[in-house]
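The file input.txt comes next; it holds compact mmCIF, C-alpha atoms.
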# COMPACT_ATOMS: atom_id res chain seq x y z
CA MET A 766 112.63 102.18 49.21
CA LYS A 767 109.52 101.36 47.18
CA LYS A 768 111.03 98.01 46.10
CA THR A 769 111.90 97.15 49.70
CA LEU A 770 108.33 97.98 50.81
CA LEU A 771 106.85 95.76 48.08
CA MET A 772 109.14 92.87 49.10
CA THR A 773 108.12 93.32 52.74
CA LEU A 774 104.42 93.29 51.85
CA ALA A 775 104.92 90.20 49.71
CA ALA A 776 106.67 88.46 52.59
CA LEU A 777 103.86 89.40 54.95
CA GLY A 778 101.34 88.05 52.46
CA THR A 779 103.22 84.75 52.31
CA MET A 780 103.35 84.55 56.10
CA THR A 781 99.59 85.18 56.31
CA ALA A 782 98.79 82.52 53.71
CA THR A 783 100.92 79.92 55.46
CA ALA A 784 100.31 80.95 59.07
CA TYR A 785 98.82 77.52 59.74
CA ALA A 786 100.01 74.28 58.21
CA GLY A 787 99.76 70.57 58.81
CA THR A 788 97.05 67.98 59.36
CA VAL A 789 94.24 68.21 61.89
CA THR A 790 92.57 64.92 62.75
CA VAL A 791 88.99 65.21 63.98
CA ASN A 792 86.97 62.27 65.35
CA GLY A 793 83.80 61.70 67.32
CA SER A 794 80.12 62.61 67.40
CA THR A 795 78.00 61.91 64.33
CA THR A 796 75.72 64.70 65.54
CA VAL A 797 78.48 67.31 65.33
CA LEU A 798 79.82 65.76 62.11
CA PRO A 799 77.72 67.61 59.46
CA ALA A 800 78.44 71.00 61.01
CA MET A 801 82.16 70.19 61.22
CA GLN A 802 82.21 68.99 57.61
CA GLN A 803 80.51 72.18 56.43
CA VAL A 804 82.93 74.37 58.39
CA THR A 805 86.00 72.42 57.31
CA GLU A 806 85.38 72.89 53.59
CA SER A 807 85.50 76.67 53.82
CA PHE A 808 88.29 76.60 56.43
CA MET A 809 90.59 74.56 54.18
CA ALA A 810 89.78 76.83 51.24
CA ALA A 811 90.96 79.77 53.36
CA ASN A 812 93.94 77.80 54.74
CA PRO A 813 95.27 75.69 51.84
CA ASP A 814 98.26 74.45 53.85
CA VAL A 815 96.01 72.77 56.40
CA THR A 816 94.45 69.36 55.77
CA VAL A 817 91.57 68.33 58.03
CA THR A 818 90.52 64.68 58.20
CA ILE A 819 87.18 63.94 59.84
CA SER A 820 85.49 60.72 60.94
CA GLY A 821 82.28 60.20 62.87
CA SER A 822 82.56 57.26 65.25
CA GLY A 823 80.52 58.48 68.23
CA SER A 824 81.32 60.86 71.08
CA GLY A 825 82.89 58.21 73.30
CA ASN A 826 85.17 56.98 70.55
CA GLY A 827 86.17 60.54 69.67
CA ILE A 828 87.19 61.32 73.25
CA LYS A 829 89.07 57.99 73.40
CA ALA A 830 90.94 58.93 70.22
CA LEU A 831 91.93 62.25 71.79
CA LEU A 832 93.17 60.53 74.95
CA ASP A 833 95.10 57.98 72.87
CA GLY A 834 96.77 60.70 70.84
CA LEU A 835 94.99 59.62 67.66
CA ALA A 836 92.95 62.81 67.21
CA ASN A 837 93.68 66.51 67.62
CA ILE A 838 90.01 67.39 68.09
CA ALA A 839 87.24 65.23 69.56
CA MET A 840 83.66 66.07 68.61
CA SER A 841 81.14 65.30 71.35
CA SER A 842 77.42 65.73 71.91
CA ARG A 843 77.95 65.27 75.67
CA ASP A 844 80.35 66.47 78.32
CA ILE A 845 83.39 64.43 79.27
CA LYS A 846 82.82 61.79 81.96
CA GLY A 847 84.63 61.57 85.28
CA SER A 848 86.18 58.25 84.27
CA GLU A 849 87.50 59.83 81.05
CA LYS A 850 89.00 62.73 83.03
CA GLU A 851 90.78 60.25 85.31
CA LEU A 852 92.17 58.35 82.32
CA ALA A 853 93.26 61.63 80.73
CA ALA A 854 95.15 62.60 83.88
CA LYS A 855 96.99 59.27 83.89
CA LYS A 856 98.01 59.80 80.27
CA GLY A 857 99.07 63.41 80.77
CA ILE A 858 96.22 64.73 78.61
CA ASN A 859 94.37 67.93 79.52
CA PRO A 860 90.99 67.79 77.74
CA VAL A 861 89.68 71.32 77.22
CA ARG A 862 86.04 71.74 76.20
CA THR A 863 84.73 74.32 73.72
CA ALA A 864 81.00 74.68 72.96
CA VAL A 865 80.44 75.11 69.22
CA ALA A 866 76.66 74.91 68.77
CA VAL A 867 73.32 74.26 70.44
CA ASP A 868 71.17 71.27 69.53
CA ALA A 869 67.71 69.95 70.27
CA LEU A 870 67.29 66.21 70.64
CA VAL A 871 64.00 65.40 68.87
CA PRO A 872 61.83 62.26 69.12
CA VAL A 873 60.76 61.24 65.61
CA VAL A 874 58.21 58.93 64.01
CA ASN A 875 57.22 57.97 60.50
CA PRO A 876 55.11 60.65 58.74
CA LYS A 877 52.27 58.11 58.43
CA ASN A 878 51.98 57.93 62.21
CA PRO A 879 49.05 60.14 63.40
CA ILE A 880 50.72 60.84 66.76
CA ASN A 881 52.06 64.42 66.93
CA GLU A 882 52.80 64.91 70.61
CA LEU A 883 54.15 62.90 73.55
CA SER A 884 55.23 63.72 77.08
CA LEU A 885 58.63 62.90 78.55
CA ASP A 886 56.96 60.28 80.75
CA GLN A 887 55.35 58.62 77.71
CA LEU A 888 58.67 58.59 75.89
CA LYS A 889 60.30 56.95 78.89
CA ASP A 890 57.52 54.33 79.08
CA ILE A 891 57.95 53.55 75.38
CA TYR A 892 61.71 53.12 75.69
CA THR A 893 61.52 50.95 78.80
CA GLY A 894 58.88 48.75 77.16
CA LYS A 895 56.04 49.74 79.50
CA ILE A 896 54.04 51.07 76.54
CA THR A 897 54.26 48.67 73.60
CA ASN A 898 51.36 49.51 71.28
CA TRP A 899 50.54 52.78 69.53
CA LYS A 900 46.84 52.39 70.42
CA GLU A 901 47.77 53.07 74.06
CA LEU A 902 48.70 56.57 72.90
CA GLY A 903 45.75 57.16 70.58
CA GLY A 904 47.40 55.76 67.48
CA ALA A 905 46.98 52.63 65.36
CA ASP A 906 46.73 49.13 66.82
CA ALA A 907 50.34 48.26 66.05
CA ASN A 908 53.39 47.27 68.06
CA ILE A 909 55.87 50.09 68.63
CA VAL A 910 59.29 49.54 67.07
CA VAL A 911 61.80 51.26 69.37
CA VAL A 912 64.91 52.67 67.69
CA SER A 913 67.79 53.96 69.81
CA ARG A 914 71.44 54.92 69.48
CA ASP A 915 74.25 52.62 70.55
CA THR A 916 76.00 53.10 73.87
CA SER A 917 79.11 54.80 72.40
CA SER A 918 76.90 57.68 71.29
CA GLY A 919 76.74 60.95 73.21
CA THR A 920 73.21 61.32 71.88
CA TYR A 921 72.29 58.02 73.55
CA GLU A 922 73.77 59.23 76.83
CA THR A 923 71.87 62.52 76.60
CA TRP A 924 68.64 60.60 75.98
CA GLU A 925 69.43 58.28 78.89
CA GLU A 926 70.03 61.26 81.20
CA MET A 927 67.16 63.53 80.12
CA VAL A 928 64.44 61.01 79.25
CA MET A 929 65.24 57.66 80.84
CA LYS A 930 66.30 59.09 84.24
CA LYS A 931 68.59 56.11 84.94
CA ALA A 932 66.07 53.56 83.60
CA LYS A 933 67.41 51.26 80.88
CA VAL A 934 66.35 51.20 77.24
CA MET A 935 64.48 47.98 76.48
CA PRO A 936 66.69 45.11 75.21
CA LYS A 937 64.64 44.73 72.01
CA ALA A 938 65.42 48.28 70.88
CA LEU A 939 67.10 48.53 67.49
CA LEU A 940 70.46 50.19 68.19
CA GLN A 941 71.87 52.42 65.45
CA ALA A 942 75.36 53.86 65.04
CA SER A 943 74.37 57.32 63.78
CA ASN A 944 71.61 59.90 63.49
CA GLY A 945 71.39 59.14 59.78
CA ALA A 946 70.83 55.45 60.46
CA VAL A 947 68.00 56.27 62.90
CA GLU A 948 66.39 58.48 60.27
CA GLN A 949 66.54 55.71 57.66
CA VAL A 950 64.97 53.08 59.93
CA VAL A 951 62.13 55.37 61.06
CA ALA A 952 61.51 56.58 57.50
CA LYS A 953 60.99 52.98 56.33
CA ASN A 954 58.84 51.74 59.23
CA PRO A 955 55.43 53.34 59.99
CA ASN A 956 55.49 51.88 63.51
CA ALA A 957 58.98 53.03 64.50
CA ILE A 958 60.04 55.76 66.91
CA GLY A 959 63.55 57.15 67.31
CA TYR A 960 65.39 60.34 68.20
CA VAL A 961 67.81 62.55 66.28
CA GLY A 962 69.56 65.90 66.55
CA LEU A 963 67.71 68.92 65.21
CA GLY A 964 69.95 69.11 62.15
CA TYR A 965 68.82 65.64 61.05
CA LEU A 966 65.10 66.44 60.78
CA ALA A 967 63.97 65.71 57.24
CA PRO A 968 60.72 65.25 55.27
CA SER A 969 61.18 61.48 55.57
CA ILE A 970 60.54 61.62 59.35
CA LYS A 971 58.25 63.62 61.63
CA GLY A 972 59.46 65.42 64.73
CA LEU A 973 57.13 65.12 67.72
CA HIS A 974 56.17 67.90 70.07
CA ILE A 975 56.91 67.37 73.75
CA GLY A 976 53.81 68.63 75.47
CA LYS A 977 52.83 71.62 73.35
CA VAL A 978 56.40 72.66 72.59
CA ALA A 979 57.99 72.16 69.18
CA ALA A 980 61.72 71.75 68.70
CA SER A 981 63.25 74.81 67.05
CA ALA A 982 66.29 77.07 67.20
CA GLU A 983 64.37 79.46 69.41
CA THR A 984 63.10 76.86 71.91
CA ALA A 985 66.52 75.19 72.04
CA LEU A 986 68.29 78.46 72.90
CA SER A 987 65.66 79.48 75.44
CA LYS A 988 65.73 75.97 77.00
CA GLU A 989 61.94 75.83 76.58
CA TRP A 990 62.60 72.63 74.63
CA PRO A 991 63.33 70.12 77.42
CA LEU A 992 65.89 68.16 75.40
CA SER A 993 68.20 71.01 74.38
CA ARG A 994 71.96 70.63 74.79
CA GLU A 995 75.28 72.11 73.76
CA LEU A 996 77.58 70.42 71.26
CA TYR A 997 81.31 70.41 71.99
CA VAL A 998 84.80 69.89 70.70
CA PHE A 999 87.66 68.85 72.98
CA THR A 1000 91.38 69.49 72.54
CA ASN A 1001 94.45 68.52 74.53
CA GLY A 1002 95.07 71.82 76.27
CA GLU A 1003 93.81 75.18 75.07
CA PRO A 1004 93.18 75.16 71.31
CA ALA A 1005 96.39 76.15 69.50
CA GLY A 1006 98.07 75.93 66.11
CA ALA A 1007 96.04 74.65 63.18
CA SER A 1008 93.52 73.01 65.56
CA GLY A 1009 93.07 76.31 67.37
CA ALA A 1010 92.63 78.13 64.06
CA LEU A 1011 89.90 75.68 63.03
CA ILE A 1012 88.05 76.09 66.34
CA LYS A 1013 88.38 79.90 66.13
CA TYR A 1014 86.89 79.65 62.64
CA ILE A 1015 83.96 77.57 63.96
CA LEU A 1016 83.20 80.20 66.58
CA ASP A 1017 83.31 83.12 64.13
CA PRO A 1018 79.69 84.37 63.72
CA ALA A 1019 80.20 85.21 60.05
CA LYS A 1020 81.96 81.94 59.19
CA GLY A 1021 81.63 78.80 61.29
CA GLN A 1022 78.49 79.79 63.16
CA LYS A 1023 76.85 80.64 59.85
CA ALA A 1024 77.70 77.13 58.65
CA VAL A 1025 76.29 75.66 61.87
CA LYS A 1026 72.96 77.32 61.05
CA GLU A 1027 73.06 76.18 57.42
CA VAL A 1028 73.16 72.51 58.42
CA GLY A 1029 70.21 72.86 60.79
CA PHE A 1030 71.85 73.38 64.17
CA VAL A 1031 71.60 76.43 66.40
CA PRO A 1032 74.44 78.99 66.57
CA LEU A 1033 75.66 79.87 70.03
CA ALA A 1034 73.89 82.76 71.73
CA LYS A 1035 75.67 86.06 71.18
CA LYS A 1036 77.34 87.37 74.31
Rewrite the structure of this file - the entire thing - as structure tokens.
Amino acid sequence: MKKTLLMTLAALGTMTATAYAGTVTVNGSTTVLPAMQQVTESFMAANPDVTVTISGSGSGNGIKALLDGLANIAMSSRDIKGSEKELAAKKGINPVRTAVAVDALVPVVNPKNPINELSLDQLKDIYTGKITNWKELGGADANIVVVSRDTSSGTYETWEEMVMKKAKVMPKALLQASNGAVEQVVAKNPNAIGYVGLGYLAPSIKGLHIGKVAASAETALSKEWPLSRELYVFTNGEPAGASGALIKYILDPAKGQKAVKEVGFVPLAKK
């Protein structure tokens, strides 16, 4: 009897260890990427039979990969578009959205720039090319170098929606493929301005206040920060199997949400 019980427990242990197996392919937003990378390391350690491959190619490309059957999970810093939903329906794909974190989109300048605060209207005027010199804003007599994200980026689309209000970013803007690239350009140019997710703030760049409000976890959650947003993952249907296990892990307050906080993003509000 004792031997049978031990064999049963051993079998259960084996089943638990190998409950999830296979490869999960994740693609999309470079904003979500660092949080996903952090989560994945500990997830794979806990689930050794699951291999997760991750690439950051932008929200639009991630959703396209999901619709083309090339990714199990799409990371996105924006919601899915109507045109993408229509394409999904034609392909028999049912994109299901899961919020995994909260983010604040932050305008940034070089630390040498004396400007500390701008309004949403001033940001819009800078990005449309209406304001072209820092002296118009109380800064140095120097031309403003506008740095933006490329059009495949969900961060770009959030900026376009929340700041530009359907106006177009000036053609001379320097378009970058990732948050990290924006940070590098702004860090090297004292006259540059860009925007990054909260998790990408670093000593090499300076986050600006909007009005008197500073970007923080608290102001992002309360929506006091005007450029706060949720970050998402999309799956084909309700999350299931190894993909579902990974997403469940991300949402666990003691596991994935802890990792979200460690990389500078904001855990979801507790319900």
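For the set A:Ile845, A:Glu851, A:Thr795, A:Ile1012, the residue with the smallest atom-to-atom gap to A:Gln941 is A:Thr795, counting all atoms listed in the file.
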Taking into account only C-alpha atoms, which residue in the set A:Val1031, A:Ala786, A:Ala854, A:Val804 is nearest to A:Asp1017?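 Of all the options, A:Val804 lies closest to A:Asp1017.
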Please report the interatomic distance between atom CA of A:Tyr892 and atom CA of A:Ser987 in Å with one decimal.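 Calculated distance between atom CA of A:Tyr892 and atom CA of A:Ser987 is 26.7 Å.
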Shell of 10 Å around A:Lys1020, all atoms listed in the file, local chain residues under 4 positions omitted, as a ChimeraX atom specification: /A:804,807-808,1013-1016,1024-1025
Would you put the residues from that selection into a file with C-alpha atoms, as a PDB file, in the coordinates of the input?
ATOM      1  CA  VAL A 804      82.930  74.370  58.390  1.00  0.00           C
ATOM      2  CA  SER A 807      85.500  76.670  53.820  1.00  0.00           C
ATOM      3  CA  PHE A 808      88.290  76.600  56.430  1.00  0.00           C
ATOM      4  CA  LYS A1013      88.380  79.900  66.130  1.00  0.00           C
ATOM      5  CA  TYR A1014      86.890  79.650  62.640  1.00  0.00           C
ATOM      6  CA  ILE A1015      83.960  77.570  63.960  1.00  0.00           C
ATOM      7  CA  LEU A1016      83.200  80.200  66.580  1.00  0.00           C
ATOM      8  CA  ALA A1024      77.700  77.130  58.650  1.00  0.00           C
ATOM      9  CA  VAL A1025      76.290  75.660  61.870  1.00  0.00           C
TER      10      VAL A1025
END
Residue nearest A:Met809 - candidates A:Ala907, A:Leu902, A:Val789, A:Leu939, atoms counted: only C-alpha atoms: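 Answer, going by the shortest atom-to-atom distance: A:Val789.
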Do a neighbour search on stretch 910-919 of chain A at 9 Å with all atoms listed in the file, toss out local chain neighbours closer than 5 positions, and write the hits as a ChimeraX atom specification. /A:793-796,822-826,841-844,891-892,894,897-898,924,934-935,937-944,947,950-951,954-960
Please report the interatomic distance between atom CA of A:Gln1022 and atom CA of A:Val865 in Å with one decimal.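 So the two atoms, atom CA of A:Gln1022 and atom CA of A:Val865, lie 7.9 Å apart.
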Could you check which of A:Val871, A:Lys846, A:Ala836, A:Glu882 is closest to A:Val961, using only C-alpha atoms?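 Smallest separation from A:Val961 among the options: A:Val871.
Using all atoms listed in the file for every distance, the candidate list A:Phe999, A:Trp899, A:Trp990, A:Tyr921 yields A:Phe999 as the residue closest to A:Arg862.
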Do a neighbour search on A:Ala979 at 12 Å with all atoms listed in the file, toss out local chain neighbours closer than 6 positions, and write the hits as a PyMOL selection string. chain A and resi 869-873+881-884+963+971-973+985+988-993
Nearest to A:Lys930, chosen from A:Lys900, A:Ala905, A:Gly945, A:Leu885, with all atoms listed in the file counted in the distances: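 When distances to A:Lys930 are compared using all atoms listed in the file, the smallest one comes from A:Leu885.
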Would you pick out the contacts of A:Gly1006 at 10 Å or less, using all atoms listed in the file, so that residues sharing its chain but fewer than 4 positions from it are not included, and give the list as a list in words? Ala784, Tyr785, Ala786, Gly787, Val789, Ala1010 and Leu1011 of chain A
To one decimal place in Å, what is the distance between atom CA of A:Glu922 and atom CA of A:Lys829? 15.7 Å
Would you list the contacts of A:Glu1027 as a PyMOL selection string, taking every protein, DNA or RNA residue within 10 Å and counting only C-alpha atoms, but skipping same-chain residues closer than 6 positions in sequence? chain A and resi 799-800+803+964+1021
Go ahead and write the residues just picked, C-alpha atoms, as a PDB file, in the frame of the given file.
ATOM      1  CA  PRO A 799      77.720  67.610  59.460  1.00  0.00           C
ATOM      2  CA  ALA A 800      78.440  71.000  61.010  1.00  0.00           C
ATOM      3  CA  GLN A 803      80.510  72.180  56.430  1.00  0.00           C
ATOM      4  CA  GLY A 964      69.950  69.110  62.150  1.00  0.00           C
ATOM      5  CA  GLY A1021      81.630  78.800  61.290  1.00  0.00           C
TER       6      GLY A1021
END
Stretch 838-847 of chain A: axis-aligned bounding box, 4 Å on each side, centre and edge lengths in Å, one decimal, as AutoDock Vina command-line options:
--center_x 83.7 --center_y 64.5 --center_z 76.7 --size_x 20.6 --size_y 13.8 --size_z 25.2
